[in-house]
>>> print(open('upload_21.cif').read())   # mmCIF, C-alpha atoms and all ligand atoms
data_upload
loop_
_atom_site.group_PDB
_atom_site.id
_atom_site.type_symbol
_atom_site.label_atom_id
_atom_site.label_comp_id
_atom_site.auth_asym_id
_atom_site.auth_seq_id
_atom_site.Cartn_x
_atom_site.Cartn_y
_atom_site.Cartn_z
ATOM 1 C CA MET A 22 -0.591 -37.265 10.449
ATOM 2 C CA THR A 23 0.891 -34.502 8.292
ATOM 3 C CA SER A 24 1.535 -35.475 4.722
ATOM 4 C CA LYS A 25 4.293 -34.014 2.592
ATOM 5 C CA LYS A 26 1.636 -32.171 0.579
ATOM 6 C CA ASP A 27 0.316 -30.359 3.729
ATOM 7 C CA LYS A 28 3.692 -28.663 4.259
ATOM 8 C CA PHE A 29 3.114 -26.565 1.187
ATOM 9 C CA ILE A 30 -0.380 -25.404 2.021
ATOM 10 C CA SER A 31 -0.397 -21.753 3.071
ATOM 11 C CA ALA A 32 -3.076 -19.190 3.774
ATOM 12 C CA CYS A 33 -3.494 -16.579 1.106
ATOM 13 C CA ALA A 34 -5.838 -13.622 1.026
ATOM 14 C CA THR A 35 -6.248 -10.831 -1.471
ATOM 15 C CA LEU A 36 -7.359 -7.523 -0.022
ATOM 16 C CA ALA A 37 -10.203 -5.831 -1.858
ATOM 17 C CA ARG A 38 -10.573 -2.055 -1.756
ATOM 18 C CA GLY A 39 -12.924 -1.068 1.037
ATOM 19 C CA GLU A 40 -13.027 -4.572 2.494
ATOM 20 C CA ALA A 41 -14.611 -3.208 5.671
ATOM 21 C CA GLY A 42 -17.224 -1.124 3.843
ATOM 22 C CA ARG A 43 -17.750 2.592 3.372
ATOM 23 C CA THR A 44 -16.522 4.771 6.168
ATOM 24 C CA GLY A 45 -19.463 7.154 6.275
ATOM 25 C CA ASP A 46 -18.944 10.241 8.406
ATOM 26 C CA TRP A 47 -17.394 8.750 11.514
ATOM 27 C CA ARG A 48 -13.691 8.995 10.570
ATOM 28 C CA ALA A 49 -11.929 11.164 13.183
ATOM 29 C CA LYS A 50 -8.646 11.713 11.346
ATOM 30 C CA ARG A 51 -7.903 12.113 7.655
ATOM 31 C CA PRO A 52 -4.569 11.212 6.032
ATOM 32 C CA ILE A 53 -3.082 13.993 3.934
ATOM 33 C CA ILE A 54 -0.111 13.261 1.669
ATOM 34 C CA ASP A 55 2.534 15.916 1.140
ATOM 35 C CA LEU A 56 3.578 14.932 -2.371
ATOM 36 C CA SER A 57 6.753 16.989 -2.109
ATOM 37 C CA LYS A 58 7.942 14.433 0.489
ATOM 38 C CA CYS A 59 6.505 11.296 -1.160
ATOM 39 C CA THR A 60 9.259 9.145 -2.696
ATOM 40 C CA PRO A 61 7.516 8.121 -5.981
ATOM 41 C CA CYS A 62 6.603 11.745 -6.691
ATOM 42 C CA LYS A 63 10.030 13.038 -5.747
ATOM 43 C CA THR A 64 11.948 10.500 -7.801
ATOM 44 C CA GLY A 65 9.468 9.936 -10.620
ATOM 45 C CA LYS A 66 9.890 6.195 -10.079
ATOM 46 C CA PRO A 67 7.323 3.671 -8.808
ATOM 47 C CA SER A 68 8.959 2.857 -5.496
ATOM 48 C CA CYS A 69 8.263 2.684 -1.756
ATOM 49 C CA TYR A 70 4.448 2.287 -1.568
ATOM 50 C CA LEU A 71 4.654 1.158 2.051
ATOM 51 C CA CYS A 72 1.399 3.037 2.669
ATOM 52 C CA TRP A 73 -0.256 0.895 -0.012
ATOM 53 C CA LEU A 74 1.268 -2.264 1.421
ATOM 54 C CA TYR A 75 0.182 -1.731 5.017
ATOM 55 C CA CYS A 76 -3.226 -0.046 4.648
ATOM 56 C CA PRO A 77 -5.617 -2.592 6.197
ATOM 57 C CA ASP A 78 -8.509 -1.443 4.051
ATOM 58 C CA GLY A 79 -6.777 -1.374 0.666
ATOM 59 C CA THR A 80 -7.644 2.267 0.094
ATOM 60 C CA VAL A 81 -4.243 3.517 -1.006
ATOM 61 C CA GLY A 82 -3.580 3.494 -4.730
ATOM 62 C CA ARG A 83 -0.182 2.391 -5.982
ATOM 63 C CA GLY A 84 0.077 5.024 -8.666
ATOM 64 C CA MET A 85 1.730 8.278 -9.463
ATOM 65 C CA PRO A 86 0.833 10.256 -7.487
ATOM 66 C CA VAL A 87 -0.147 8.078 -4.533
ATOM 67 C CA GLU A 88 -3.833 8.591 -3.775
ATOM 68 C CA ILE A 89 -6.063 7.605 -0.888
ATOM 69 C CA ASP A 90 -9.717 6.720 -1.444
ATOM 70 C CA LEU A 91 -11.431 8.582 1.372
ATOM 71 C CA THR A 92 -14.703 6.773 0.750
ATOM 72 C CA TYR A 93 -13.209 3.770 2.491
ATOM 73 C CA CYS A 94 -10.294 5.134 4.529
ATOM 74 C CA LYS A 95 -10.978 4.579 8.236
ATOM 75 C CA GLY A 96 -8.401 7.065 9.471
ATOM 76 C CA CYS A 97 -6.413 4.474 11.421
ATOM 77 C CA GLY A 98 -3.108 6.246 10.740
ATOM 78 C CA ILE A 99 -1.085 3.157 9.849
ATOM 79 C CA CYS A 100 -0.041 4.688 6.533
ATOM 80 C CA ALA A 101 1.342 7.732 8.352
ATOM 81 C CA GLU A 102 3.191 5.509 10.836
ATOM 82 C CA VAL A 103 4.916 3.413 8.166
ATOM 83 C CA CYS A 104 5.774 6.244 5.767
ATOM 84 C CA PRO A 105 9.583 6.520 5.874
ATOM 85 C CA THR A 106 9.631 10.158 4.771
ATOM 86 C CA LYS A 107 6.793 11.342 7.063
ATOM 87 C CA ALA A 108 4.884 12.461 3.969
ATOM 88 C CA ILE A 109 1.500 11.575 5.479
ATOM 89 C CA SER A 110 -0.017 13.587 8.284
ATOM 90 C CA MET A 111 -3.245 12.755 10.082
ATOM 91 C CA GLU A 112 -5.476 15.820 10.211
ATOM 92 C CA VAL A 113 -8.666 16.342 12.210
ATOM 93 C CA GLU A 114 -11.584 15.279 9.996
ATOM 94 C CA GLU A 115 -13.928 18.008 11.236
ATOM 95 C CA ASP A 116 -11.671 20.623 9.691
ATOM 96 C CA PHE A 117 -12.601 19.333 6.224
ATOM 97 C CA LEU A 118 -16.330 18.701 6.582
ATOM 98 C CA ASP A 119 -17.513 22.104 5.453
ATOM 99 C CA ALA A 120 -14.821 22.451 2.827
ATOM 100 C CA ASP A 121 -15.126 19.367 0.629
ATOM 101 C CA CYS A 122 -17.975 17.794 -1.279
ATOM 102 C CA GLY A 123 -17.895 14.702 0.934
ATOM 103 C CA GLY A 124 -19.005 16.746 3.913
ATOM 104 C CA ARG A 125 -22.159 18.701 4.503
ATOM 105 C CA THR A 126 -22.310 22.427 4.762
ATOM 106 C CA GLU A 127 -23.868 24.092 7.765
ATOM 107 C CA ALA A 128 -27.032 24.750 5.705
ATOM 108 C CA GLU A 129 -27.367 21.056 4.765
ATOM 109 C CA ARG A 130 -27.137 19.773 8.317
ATOM 110 C CA VAL A 131 -30.280 18.154 9.695
ATOM 111 C CA PRO A 132 -31.813 20.293 12.473
ATOM 112 C CA GLY A 133 -30.933 18.963 15.901
ATOM 113 C CA GLU A 134 -27.845 17.197 14.555
ATOM 114 C CA SER A 135 -24.527 18.389 15.880
HETATM 115 S S1 LIG B 201 4.885 5.424 2.330
HETATM 116 FE FE1 LIG B 201 5.166 7.662 2.196
HETATM 117 S S2 LIG B 201 6.881 7.986 0.758
HETATM 118 FE FE2 LIG B 201 6.145 5.864 0.522
HETATM 119 S S3 LIG B 201 4.687 5.975 -1.190
HETATM 120 FE FE3 LIG B 201 3.496 6.185 0.722
HETATM 121 S S4 LIG B 201 3.345 8.408 1.080
HETATM 122 FE FE4 LIG B 201 4.974 8.078 -0.430
HETATM 123 S S1 LIG B 202 -5.528 5.996 7.555
HETATM 124 FE FE1 LIG B 202 -5.643 3.713 7.655
HETATM 125 S S2 LIG B 202 -7.375 3.195 6.294
HETATM 126 FE FE2 LIG B 202 -6.778 5.306 5.790
HETATM 127 S S3 LIG B 202 -5.331 5.121 4.078
HETATM 128 FE FE3 LIG B 202 -4.126 5.198 5.995
HETATM 129 S S4 LIG B 202 -3.801 3.048 6.549
HETATM 130 FE FE4 LIG B 202 -5.490 3.106 5.064
#
>>> encode(input="upload_21.cif", output="structure tokens")
Amino acid sequence: MTSKKDKFISACATLARGEAGRTGDWRAKRPIIDLSKCTPCKTGKPSCYLCWLYCPDGTVGRGMPVEIDLTYCKGCGICAEVCPTKAISMEVEEDFLDADCGGRTEAERVPGES
């Protein structure tokens, strides 16, 4: 039998950054934010943040400017899908591997590894 008290019980979860762990090097797509299209940056007001709200891994910061923690981002593309101004584009991860400090240069690659 359901008591009156049970009616007010609801599930509640707080997402922690990187809930699903570090991404490592398997992400296929990387979200890139064009800040000239991002509403908080354009208006100078803390607004929108739909990318922060919907990111399933809690890797989007709700600041100014909006930032994505690539250590945990899985490249799912949800942030790009929900962005109302199309400020986020999903780029091929391989294009960044030799360019940023998170990737390895050709010289650092382990022999036999692709
Ligand atoms: S959803 Fe798009 S416009 Fe909104 S804060 Fe995120 S990047 Fe900016
Ligand atoms: S691609 Fe997915 S995991 Fe990465 S910031 Fe966007 S919503 Fe979050």
>>> atom_distance(input="upload_21.cif", atom1="CA of Leu91 in chain A", atom2="CA of Leu74 in chain A")
16.7 Å
>>> resolve_selection(input="upload_21.cif", expression="the PyMOL selection byres (((chain A and resi 50-66) around 9) and not hetatm)", output="VMD selection string")
chain A and resid 48 to 49 67 to 70 84 to 89 91 94 to 98 100 to 101 104 to 115 117
>>> residues_around(input="upload_21.cif", residues="Gly79 in chain A", least_positions_apart="6", cutoff="10 Å", atoms="all atoms listed in the file", output="list in words")
Thr35, Leu36, Ala37, Arg38, Gly39, Glu40, Ala41, Cys72, Trp73, Ile89, Asp90, Tyr93 and Cys94 of chain A
>>> atom_distance(input="upload_21.cif", atom1="CA of Pro77 in chain A", atom2="atom FE1 of ligand LIG 202 (chain B)")
6.5 Å
>>> atom_distance(input="upload_21.cif", atom1="atom S3 of ligand LIG 201 (chain B)", atom2="CA of Asp116 in chain A")
24.5 Å
>>> axis_aligned_box(input="upload_21.cif", around="ligand LIG 201 (chain B)", padding_each_side="4 Å", output="lines of an AutoDock Vina configuration file")
center_x = 5.1
center_y = 6.9
center_z = 0.6
size_x = 11.5
size_y = 11.0
size_z = 11.5
>>> closest_residue(input="upload_21.cif", among="A:Leu118, A:Ile99, A:Asp78, A:Leu71", to="ligand LIG 201 (chain B)", atoms="all atoms listed in the file")
A:Leu71
